[in-house]
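S.K.: Below is the structure I would like to discuss, written out as structure tokens.
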Amino acid sequence: MTSWLRRQRALAEYTLAALARRRIKNTGLLLIYAMVIFVVASATLFATALRKEAEVVLAEAPEVIIQNLVMGRHDLIPGDVIAEIDGIRGVASIKGRLWGYFYDRLNGANYTLMVPLDPAMAPPAGQAIIGESLPRVREMPWETAPLFLSRTPGDLVRFDIAKRLSSDSALVSTDLILLNEANFRAFFELPEDVYTDIALSIRNPREIDTIVEKIGRLLPNARLVTRDEIARTYQKLFSWREGIMVLLAGASVLAFVIFAAEKASGLSAEETREIGILKAIGWDTGDVIAMKLWEGGLVSFGAFLLGTVLAYLHVFAFDAGLFASVLKGWSVIYPDFALTPGIDGLQLTALFFLTVLPYMAATIVPIWRAATADPDQVMR
Amino acid sequence: MISVQSVCKTYNEGRPSALTALDGIDLEIARNALTVFKGPSGSGKTTLLSIISCMARPTSGRVLIDGRMVSGLPERFLTLERRRTFGFVFQRFNLIRGLSVLENVLLPATPLGGERRADAKRALARLEMLGIAGKAGERVEFLSGGEAQRAAIARALINDPPVLIADEPTANLDTELAHRFLDIVSGLRAEGRTVIMTSHDPRIWAADQVDRVVSMRDGRLEENEA
Amino acid sequence: MRRTRIVFGLLAAGTATLALASLHARITTAPERARMARSAALVRAVGLTDLALFTEARFTRNPALADLQTAFQDAPMSFEHFPSGTFAPRPAAGFGRGELRFGPEEAAR
Ligand SMILES: Nc1ncnc2c1ncn2[C@@H]1O[C@H](COP(=O)(O)OP(=O)(O)O)[C@@H](O)[C@H]1O
Ligand SMILES: [Mg+2]
């Protein structure tokens with residue numbers, strides 16, 4: 001056993017000495033490889049954390065949302081619908097939701113104005129509760145600085161700030177301006193008794209399907225969105241974003257493997273000769289392969305460690321700063337959020353095999369021929 | 001100790017380019033002797049040497065080492081036999097560039113799983129004996145021809161093989177160094193080792209350290225001289 | 001021999017760091033769960049349905065509620081529906097250059 005260990009150690013030693021001969025090139029290779037892994041791992045960690053956050057936080061979303069559709073598009077819903085569906089058994093509460101967007105010509109940001117469902121949450125008249133990004137994008141200098149919104153040139157509406165929402169919930173609330181109902185209707189010049197949509201809360205989740213069906217019969221023109229559908233939208237959404245990143249990174253992994261295979265299969269005359277020398281002085285095929293396994297293993301394991309550790313730091317300590325510009329798109333507001341750190345063992349293992357194995361294969365396979373060739377070639 | 005019995009070697013057998021490099025060689029090589037194969041270029045010296053030293057297998061015929069038949073062994077066991085019995089000094093030394101002298105000397109011991117420190121100590125002792133201990137940490141491409149050869153000798157001896165194989169060892173050396181080499185080799189013989197080498201260098205055939213010269217031509221033995 | 005020791009040491013350190021990272025993830029689970037619970041409470045109280053991650057358009061701000069039938073526009077999955085979106089940066093001019101008629105100081109009066 002110790003002899004086995006010593007043999008492995010000696011082979012690793014040889015590999016390292018051989019790698020050290022082209023220190024710059026091999027370090028560069030390691031770094032590029034680590035970078036590829038870094039991107040894949042970052043995307044995976046980031047998307048998983050977002051998915052998790054969406055799953056937990058949106059589990060408290062209303063069970064069912066009823067939208068009015070006019071010519072296939074979402075439209076205001078009259079309040080008498082509430083009375084129409086009031087009798088359905090199993091519905092705990094029916095409330096009209098009031099929300100809309102406001103485009104801020106000052107800085108190009110889109111805010112979401114909303115009336116909280118829970119009346120206890122609503123701010124007093126003339127006041128607003130604002131999300132974490134507003135003071136930032138509006139450069140509101142002090143804690144109580146009021147918020148001015150201008151709907152048309154010359155118009156100016158003032159809201160005093162009742163509260164700033166903590167950045168703990170930035171991911172759901174960053175662009176919110178919460179108003180009370182009277183202020184909201186006045187701001188958007190909305191008639192009484194229309195709502196943006198209607199939120200149902202349902203006591204027993206198992207009844208959701210039946211209730212949705214009943215409402216569907218009552219309101220054939222409405223679109224019903226259940227909480228499950230919301231959840232599914234987000235699972236898909238992040239898989240999709242992650243998928244794009246992984247696809248891109250996958251392409252680079254592929255490119256990298258092709259490069260590695262190319263480099264290895266065009267096994268230089270010098271390398272072939274070195275393997276011949278090793279065989280001639282008493283190494284057998286297994287020794288050569290084991291040595292090359294060490295080479296592939298050390299490089300790819302090192303790159304894997306470097307890549308994943310950096311990815312973890314990037315996503316959870318630096319809030320995935322490199323992705324921000326991708327995710328931000330055209331929007332002015334980007335939430336200042338922190339994600340829940342998490343490492344999924346299965347994902348990590350998958351990543352390990354997806355990145356380490358191809359590289360190992362790319363280093364080993366081409367060696368095979370050289371390693372099994374007759375050693376007497378080096379006598380020439 | 002090594003017995004070669006009607007060995008033939010044909011390269012590219014069955015193809016138009018087939019070439020018979022050895023054609024029925026019978027030969028006994030004595031233990032603890034210095035044997036030299038001489039002959040013109042292309043006469044099959046290197047081929048015979050590689051068959052004797054388990055580097056290559058004969059097309060027909062047998063090779064026995066201490067009575068053990070080695071010519072039919074599968075590659076794995078052939079390697080074991082080679083590792084145990086032979087140390088090699090190649091014509092072009094075949095040191096691995098970029099590595100230090102010490103690292104090169106340690107190469108044959110690498111896959112054996114021996115104590116690394118002890119290996120290094122032995123290697124340094126051998127380098128000391130050959131007078132190049134001072135170069136142990138130097139990269140091999142900075143060595144002169146004579147130094148490179150002595151590094152190659154040290155490497156050949158690291159696993160303490162009973163037989164040293166040297167193919168045209170003096171081809172790249174001047175007269176002075178060629179004699180130096182013969183001195184080293186006879187020192188090894190004094191350690192009890194057997195030395196087999198090839199040469200088309202008359203300085204070698206004439207040297208009195210040589211026990212036996214085997215003369216070859218076109219893949220056959222010509223005559224043996226005492 | 002020294003080289004091997006250094007490289008193996010580095011790899012061991014890397015493995016340890018990775019283990020440390022997963023330990024960190026485990027340690028932060030409890031406070032993070034509490035934070036998410038606060039977020040979830042806000043979602044319930046306000047009646048939210050979506051993450052505020054992409055605010056540029058309504059089908060990105062509220063993907064769960066976006067119009068499904070509207071061609072080429074509001075499908076939840078159509079973030080980069082227009083190929084140009086992949087290459088074009090957001091317009092620098094004419095975006096958020098508006099002005100309040102009264103300056104903020106003026107209005108505060
Ligand atoms: N691998 C090989 N394939 C084909 N022919 C070979 C090979 N190796 C050696 N030969 C031929 O075998 C003959 C003997 O070669 P060799 O043993 O190297 O002679 P020497 O060492 O005496 O110069 C030469 O004609 C050479 O061209
Ligand atoms: Mg020759």
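Chains: A, B, ... in order of the structure tokens. Residues: from 1 per chain. Ligands: from 1, in order shown.
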Could you pull the residues within 10 Å of range 52-55 of chain C, counting only C-alpha atoms, minus those fewer than 6 positions along the same chain, as a list of chain:residue names?

M.R.: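 Near range 52-55 of chain C, the qualifying residues are A:Leu50, A:Tyr101, A:Ala109, A:Asn110, A:Tyr111, A:Thr112, A:Ser169, A:Ala170, A:Leu171, A:Val172, A:Ser173, A:Thr174, A:Asp175, A:Leu176, A:Leu327, A:Lys328, A:Gly329, A:Trp330, A:Ser331, A:Val332, A:Ile333, A:Tyr334, A:Pro335, A:Asp336, A:Phe337, C:Arg61, C:Asn62, C:Pro63, C:Phe79.
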
S.K.: Next, write the just-selected residues to a file, as a short mmCIF file (atom, residue, chain, number, x, y, z; two decimals), in the first residue's frame, keeping N, CA and C atoms as the atom set.

M.R.:
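Saved to out_18.cif:
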```
data_model
loop_
_atom_site.label_atom_id
_atom_site.label_comp_id
_atom_site.auth_asym_id
_atom_site.auth_seq_id
_atom_site.Cartn_x
_atom_site.Cartn_y
_atom_site.Cartn_z
N LEU A 50 -31.74 31.63 -7.19
CA LEU A 50 -32.91 32.41 -7.58
C LEU A 50 -34.17 31.55 -7.59
N TYR A 101 -47.99 50.32 -13.78
CA TYR A 101 -46.60 50.74 -13.95
C TYR A 101 -46.53 52.24 -14.11
N ALA A 109 -36.60 54.89 -15.42
CA ALA A 109 -36.95 53.69 -14.65
C ALA A 109 -38.44 53.41 -14.75
N ASN A 110 -38.78 52.12 -14.61
CA ASN A 110 -40.19 51.75 -14.48
C ASN A 110 -40.46 51.39 -13.04
N TYR A 111 -41.45 52.04 -12.44
CA TYR A 111 -41.84 51.66 -11.09
C TYR A 111 -43.12 50.86 -11.15
N THR A 112 -43.36 50.08 -10.12
CA THR A 112 -44.64 49.40 -10.00
C THR A 112 -45.41 50.05 -8.86
N SER A 169 -35.91 42.23 1.09
CA SER A 169 -36.93 41.73 0.18
C SER A 169 -36.78 42.35 -1.20
N ALA A 170 -35.58 42.87 -1.49
CA ALA A 170 -35.37 43.59 -2.75
C ALA A 170 -35.85 42.81 -3.97
N LEU A 171 -35.68 41.51 -3.90
CA LEU A 171 -35.99 40.70 -5.08
C LEU A 171 -37.47 40.75 -5.46
N VAL A 172 -38.35 41.03 -4.50
CA VAL A 172 -39.76 41.17 -4.86
C VAL A 172 -40.25 42.61 -4.80
N SER A 173 -39.48 43.50 -4.15
CA SER A 173 -40.07 44.81 -3.85
C SER A 173 -39.25 45.99 -4.33
N THR A 174 -38.19 45.74 -5.06
CA THR A 174 -37.26 46.83 -5.31
C THR A 174 -37.88 48.05 -5.98
N ASP A 175 -38.83 47.83 -6.89
CA ASP A 175 -39.37 48.95 -7.67
C ASP A 175 -40.76 49.37 -7.20
N LEU A 176 -41.15 48.92 -6.02
CA LEU A 176 -42.52 49.18 -5.57
C LEU A 176 -42.70 50.59 -5.04
N LEU A 327 -28.44 40.35 -16.80
CA LEU A 327 -29.81 40.24 -16.30
C LEU A 327 -30.53 41.57 -16.38
N LYS A 328 -29.78 42.61 -16.21
CA LYS A 328 -30.36 43.94 -16.13
C LYS A 328 -31.06 44.31 -17.43
N GLY A 329 -30.49 43.87 -18.55
CA GLY A 329 -31.11 44.19 -19.82
C GLY A 329 -31.23 45.68 -20.00
N TRP A 330 -32.44 46.10 -20.33
CA TRP A 330 -32.66 47.51 -20.58
C TRP A 330 -33.16 48.24 -19.36
N SER A 331 -33.34 47.54 -18.28
CA SER A 331 -33.99 48.18 -17.15
C SER A 331 -33.01 49.06 -16.38
N VAL A 332 -33.55 50.13 -15.82
CA VAL A 332 -32.74 51.06 -15.05
C VAL A 332 -32.57 50.55 -13.62
N ILE A 333 -33.64 49.92 -13.16
CA ILE A 333 -33.62 49.44 -11.78
C ILE A 333 -33.09 48.02 -11.75
N TYR A 334 -32.10 47.81 -10.94
CA TYR A 334 -31.66 46.43 -10.71
C TYR A 334 -31.61 46.23 -9.21
N PRO A 335 -32.33 45.25 -8.71
CA PRO A 335 -32.42 45.10 -7.26
C PRO A 335 -31.06 44.82 -6.63
N ASP A 336 -30.85 45.41 -5.49
CA ASP A 336 -29.63 45.14 -4.74
C ASP A 336 -29.93 44.00 -3.79
N PHE A 337 -29.83 42.79 -4.31
CA PHE A 337 -30.27 41.66 -3.51
C PHE A 337 -29.10 40.74 -3.19
N ARG C 61 -41.41 42.21 -16.11
CA ARG C 61 -41.65 42.56 -14.71
C ARG C 61 -42.66 41.60 -14.09
N ASN C 62 -43.67 41.23 -14.87
CA ASN C 62 -44.69 40.32 -14.35
C ASN C 62 -44.90 39.14 -15.30
N PRO C 63 -43.85 38.32 -15.46
CA PRO C 63 -43.97 37.23 -16.43
C PRO C 63 -45.13 36.29 -16.12
N PHE C 79 -37.96 36.92 -23.56
CA PHE C 79 -36.99 37.95 -23.15
C PHE C 79 -36.17 38.47 -24.32
#
```

S.K.: Counting only C-alpha atoms and all ligand atoms, what residues are within 9 Å of ligand 2, given as a list in words?

M.R.: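 Based on only C-alpha atoms and all ligand atoms, ligand 2 is surrounded within 9 Å by Met379 and Arg380 of chain A; Ser41, Gly42, Ser43, Gly44, Lys45, Thr46, Thr47, Leu49, Gln91, Asp167, Glu168, Thr198, Ser199 and His200 of chain B.
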
S.K.: Please determine the contact residues of chain B with respect to chain A at a cut-off of 7 Å, counting only C-alpha atoms, and supply them as a PyMOL selection string.

M.R.: chain B and resi 50+55-56+76+79+82-83+88+90+94+96+98-99+108+110-114

S.K.: Please produce a file of the residues just selected, as a short mmCIF file (atom, residue, chain, number, x, y, z; two decimals), in the first residue's frame, where the atoms kept are N, CA and C atoms.

M.R.:
```
data_model
loop_
_atom_site.label_atom_id
_atom_site.label_comp_id
_atom_site.auth_asym_id
_atom_site.auth_seq_id
_atom_site.Cartn_x
_atom_site.Cartn_y
_atom_site.Cartn_z
N SER B 50 18.51 -4.81 -29.02
CA SER B 50 17.17 -4.57 -28.47
C SER B 50 16.43 -5.88 -28.23
N MET B 55 13.65 -5.29 -25.42
CA MET B 55 12.98 -4.12 -25.97
C MET B 55 12.08 -4.53 -27.12
N ALA B 56 12.52 -5.56 -27.83
CA ALA B 56 11.76 -6.00 -28.99
C ALA B 56 11.75 -7.52 -28.98
N ARG B 76 3.80 -6.97 -20.82
CA ARG B 76 3.88 -6.59 -19.42
C ARG B 76 5.06 -7.24 -18.70
N THR B 79 8.41 -6.08 -19.91
CA THR B 79 8.81 -4.83 -19.25
C THR B 79 9.40 -5.12 -17.88
N ARG B 82 12.82 -6.45 -18.30
CA ARG B 82 13.73 -5.40 -18.75
C ARG B 82 14.13 -4.51 -17.58
N ARG B 83 13.13 -4.18 -16.81
CA ARG B 83 13.31 -3.31 -15.66
C ARG B 83 14.27 -3.93 -14.65
N PHE B 88 20.04 1.06 -19.53
CA PHE B 88 20.32 1.45 -20.92
C PHE B 88 21.05 2.78 -21.03
N PHE B 90 21.68 5.06 -24.28
CA PHE B 90 21.36 5.08 -25.71
C PHE B 90 22.38 5.89 -26.47
N ASN B 94 19.21 10.15 -24.93
CA ASN B 94 17.78 10.15 -24.63
C ASN B 94 17.47 10.63 -23.21
N ILE B 96 15.63 13.34 -20.85
CA ILE B 96 14.40 14.11 -21.09
C ILE B 96 14.67 15.58 -20.84
N GLY B 98 14.49 19.52 -20.29
CA GLY B 98 13.68 20.35 -19.39
C GLY B 98 13.73 19.86 -17.95
N LEU B 99 14.11 18.61 -17.77
CA LEU B 99 14.24 18.11 -16.40
C LEU B 99 15.70 18.22 -15.96
N PRO B 108 13.97 5.89 -14.02
CA PRO B 108 13.66 4.45 -14.02
C PRO B 108 13.11 3.98 -12.67
N THR B 110 11.07 5.76 -10.85
CA THR B 110 9.78 6.41 -10.58
C THR B 110 8.60 5.45 -10.43
N PRO B 111 8.41 4.51 -11.38
CA PRO B 111 7.21 3.68 -11.23
C PRO B 111 7.38 2.52 -10.26
N LEU B 112 8.51 2.43 -9.59
CA LEU B 112 8.74 1.25 -8.75
C LEU B 112 8.19 1.41 -7.33
N GLY B 113 7.90 2.65 -6.95
CA GLY B 113 7.33 2.83 -5.61
C GLY B 113 8.34 2.67 -4.50
N GLY B 114 9.60 2.95 -4.79
CA GLY B 114 10.61 2.87 -3.74
C GLY B 114 10.61 4.12 -2.88
#
```

S.K.: Go ahead and compute the interatomic distance for CA of Leu305 in chain A and CA of Leu18 in chain C, in Å to one decimal.

M.R.: 7.2 Å

S.K.: Which is closer to chain C than all the others in B:Val213, B:Leu102, B:Leu177, B:Leu188, using only C-alpha atoms?

M.R.: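 Nearest candidate to chain C out of B:Val213, B:Leu102, B:Leu177, B:Leu188: B:Leu102.
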
S.K.: Using only C-alpha atoms, which residue out of B:Val63, B:Leu182, B:Leu106, B:Ala190 lies closest to chain C?

M.R.: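 Using only C-alpha atoms, the shortest distance to chain C belongs to B:Leu106.
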
S.K.: Might you pull out every residue within 12 Å of Lys214 in chain A, with only C-alpha atoms counted and same-chain residues fewer than 6 positions away left off, and present them as a list in words?

M.R.: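 So the residues in contact are Glu84, Ile85, Asp86, Gly87, Ile88, Arg89, Gly90, Val91, Glu207, Ile208, Pro220, Ala222 and Leu224 of chain A.
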
S.K.: Nearest residue to chain C out of B:Ala120, B:Met69, B:Ile153, B:Cys8, using only C-alpha atoms?

M.R.: B:Ala120

S.K.: Please, which residues of range 1-200 of chain B, numbered as in this document, come out alpha helix (DSSP H) from DSSP, as a ChimeraX atom specification?

M.R.: /B:45-52,75-85,101-106,116-129,145-157,175-190

S.K.: Please produce a file of those selected residues containing C-alpha atoms, as a short mmCIF file (atom, residue, chain, number, x, y, z; two decimals), in the first residue's frame.

M.R.:
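Saved the output as result-v7.cif:
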```cif
data_model
loop_
_atom_site.label_atom_id
_atom_site.label_comp_id
_atom_site.auth_asym_id
_atom_site.auth_seq_id
_atom_site.Cartn_x
_atom_site.Cartn_y
_atom_site.Cartn_z
CA LYS B 45 23.76 -4.57 -34.14
CA THR B 46 21.07 -2.35 -32.63
CA THR B 47 18.37 -4.85 -33.53
CA LEU B 48 20.21 -7.65 -31.79
CA LEU B 49 20.84 -5.46 -28.77
CA SER B 50 17.17 -4.57 -28.47
CA ILE B 51 16.13 -8.20 -28.72
CA ILE B 52 18.64 -9.25 -26.08
CA GLU B 75 4.62 -7.08 -23.11
CA ARG B 76 3.88 -6.59 -19.42
CA PHE B 77 6.26 -9.29 -18.28
CA LEU B 78 8.81 -8.28 -20.85
CA THR B 79 8.81 -4.83 -19.25
CA LEU B 80 9.28 -6.38 -15.83
CA GLU B 81 12.19 -8.44 -17.08
CA ARG B 82 13.73 -5.40 -18.75
CA ARG B 83 13.31 -3.31 -15.66
CA ARG B 84 14.88 -5.92 -13.43
CA THR B 85 17.79 -6.90 -15.62
CA VAL B 101 20.05 15.72 -14.16
CA LEU B 102 18.81 14.30 -10.87
CA GLU B 103 15.22 14.08 -12.11
CA ASN B 104 16.45 12.24 -15.20
CA VAL B 105 18.53 9.84 -13.17
CA LEU B 106 15.53 9.04 -10.98
CA ARG B 116 12.10 8.53 -2.76
CA ARG B 117 14.74 9.86 -0.41
CA ALA B 118 16.77 6.67 -0.64
CA ASP B 119 16.48 6.74 -4.45
CA ALA B 120 17.75 10.31 -4.52
CA LYS B 121 20.62 9.43 -2.23
CA ARG B 122 21.66 6.55 -4.44
CA ALA B 123 21.40 8.75 -7.52
CA LEU B 124 23.59 11.42 -5.96
CA ALA B 125 26.15 8.84 -4.88
CA ARG B 126 26.33 7.53 -8.44
CA LEU B 127 26.63 11.05 -9.87
CA GLU B 128 29.39 11.68 -7.36
CA MET B 129 31.18 8.56 -8.47
CA GLY B 145 28.37 15.49 -24.45
CA GLY B 146 30.54 13.71 -21.90
CA GLU B 147 28.45 14.96 -18.98
CA ALA B 148 25.24 13.95 -20.71
CA GLN B 149 26.62 10.47 -21.22
CA ARG B 150 27.59 10.15 -17.60
CA ALA B 151 24.12 11.33 -16.58
CA ALA B 152 22.72 8.63 -18.88
CA ILE B 153 25.00 6.05 -17.24
CA ALA B 154 23.84 7.13 -13.80
CA ARG B 155 20.26 6.80 -14.97
CA ALA B 156 20.92 3.34 -16.38
CA LEU B 157 22.30 2.20 -13.02
CA THR B 175 39.12 9.92 -28.05
CA GLU B 176 39.76 11.25 -24.57
CA LEU B 177 36.13 10.82 -23.55
CA ALA B 178 35.90 7.44 -25.25
CA HIS B 179 38.70 6.19 -23.03
CA ARG B 180 37.05 7.77 -20.03
CA PHE B 181 33.94 5.81 -20.94
CA LEU B 182 35.83 2.55 -21.15
CA ASP B 183 37.27 3.23 -17.71
CA ILE B 184 33.83 3.79 -16.28
CA VAL B 185 32.58 0.62 -17.91
CA SER B 186 35.39 -1.50 -16.59
CA GLY B 187 34.67 -0.02 -13.18
CA LEU B 188 31.12 -1.32 -13.53
CA ARG B 189 32.44 -4.70 -14.49
CA ALA B 190 34.48 -4.67 -11.35
#
```

S.K.: Apply DSSP to the structure's backbone, then extract all residues of range 97-155 of chain A labelled strand (DSSP E) and return them as a list of chain:residue names.

M.R.: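 Going through range 97-155 of chain A, the strand (DSSP E) residues come out as A:Arg97, A:Leu98, A:Trp99, A:Gly100, A:Tyr101, A:Phe102, A:Tyr103, A:Asn110, A:Tyr111, A:Thr112, A:Leu113, A:Met114, A:Val115, A:Gln127, A:Ala128, A:Ile129, A:Ile130, A:Leu147, A:Phe148, A:Leu149.
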
S.K.: When you count only C-alpha atoms and all ligand atoms, which of these residues is closest to ligand 1: B:Gly72, B:Gly192, B:Pro161, B:Pro40?

M.R.: B:Pro40

S.K.: Determine the nearest neighbour of chain C from the options A:Thr340, A:Thr48, A:Ser325, A:Gln235, counting only C-alpha atoms.

M.R.: A:Thr340

S.K.: Quick one: distance from CA of Ile32 in chain A to CA of Ile343 in chain A in Å, one decimal?

M.R.: 23.0 Å

S.K.: Which neighbours of Leu298 in chain A fall inside 10 Å, counting only C-alpha atoms, when residues of the same chain fewer than 6 positions from it are skipped, and could you give them as a ChimeraX atom specification?

M.R.: /A:12,15-16,30,292,304,356,360 /C:7-8,11

S.K.: Mind writing the picked residues with N, CA and C atoms as a compact mmCIF listing (two decimals), in the first residue's frame?

M.R.:
```txt
# COMPACT_ATOMS: atom_id res chain seq x y z
N ALA A 12 3.16 11.55 -9.98
CA ALA A 12 2.64 12.92 -9.92
C ALA A 12 3.80 13.90 -9.98
N THR A 15 5.02 14.20 -13.48
CA THR A 15 4.07 14.99 -14.26
C THR A 15 4.24 16.48 -13.98
N LEU A 16 4.37 16.79 -12.70
CA LEU A 16 4.51 18.21 -12.35
C LEU A 16 5.80 18.79 -12.89
N LEU A 30 -4.57 26.31 -17.42
CA LEU A 30 -5.32 26.07 -16.19
C LEU A 30 -6.29 27.21 -15.92
N LYS A 292 -0.09 10.14 -17.09
CA LYS A 292 -0.92 11.08 -17.85
C LYS A 292 -2.24 11.34 -17.13
N PHE A 304 -11.16 22.87 -11.56
CA PHE A 304 -12.50 22.72 -11.00
C PHE A 304 -12.60 23.42 -9.65
N VAL A 356 -14.38 17.66 -15.79
CA VAL A 356 -13.13 16.95 -15.54
C VAL A 356 -12.95 15.77 -16.50
N MET A 360 -9.84 14.82 -19.02
CA MET A 360 -9.05 13.62 -18.77
C MET A 360 -9.01 12.76 -20.03
N VAL C 7 1.96 21.72 -4.77
CA VAL C 7 0.75 21.53 -5.56
C VAL C 7 -0.31 20.77 -4.77
N PHE C 8 0.13 19.71 -4.09
CA PHE C 8 -0.84 18.95 -3.30
C PHE C 8 -1.40 19.83 -2.19
N LEU C 11 -3.99 22.05 -3.70
CA LEU C 11 -5.23 21.33 -3.98
C LEU C 11 -5.99 21.06 -2.69
```
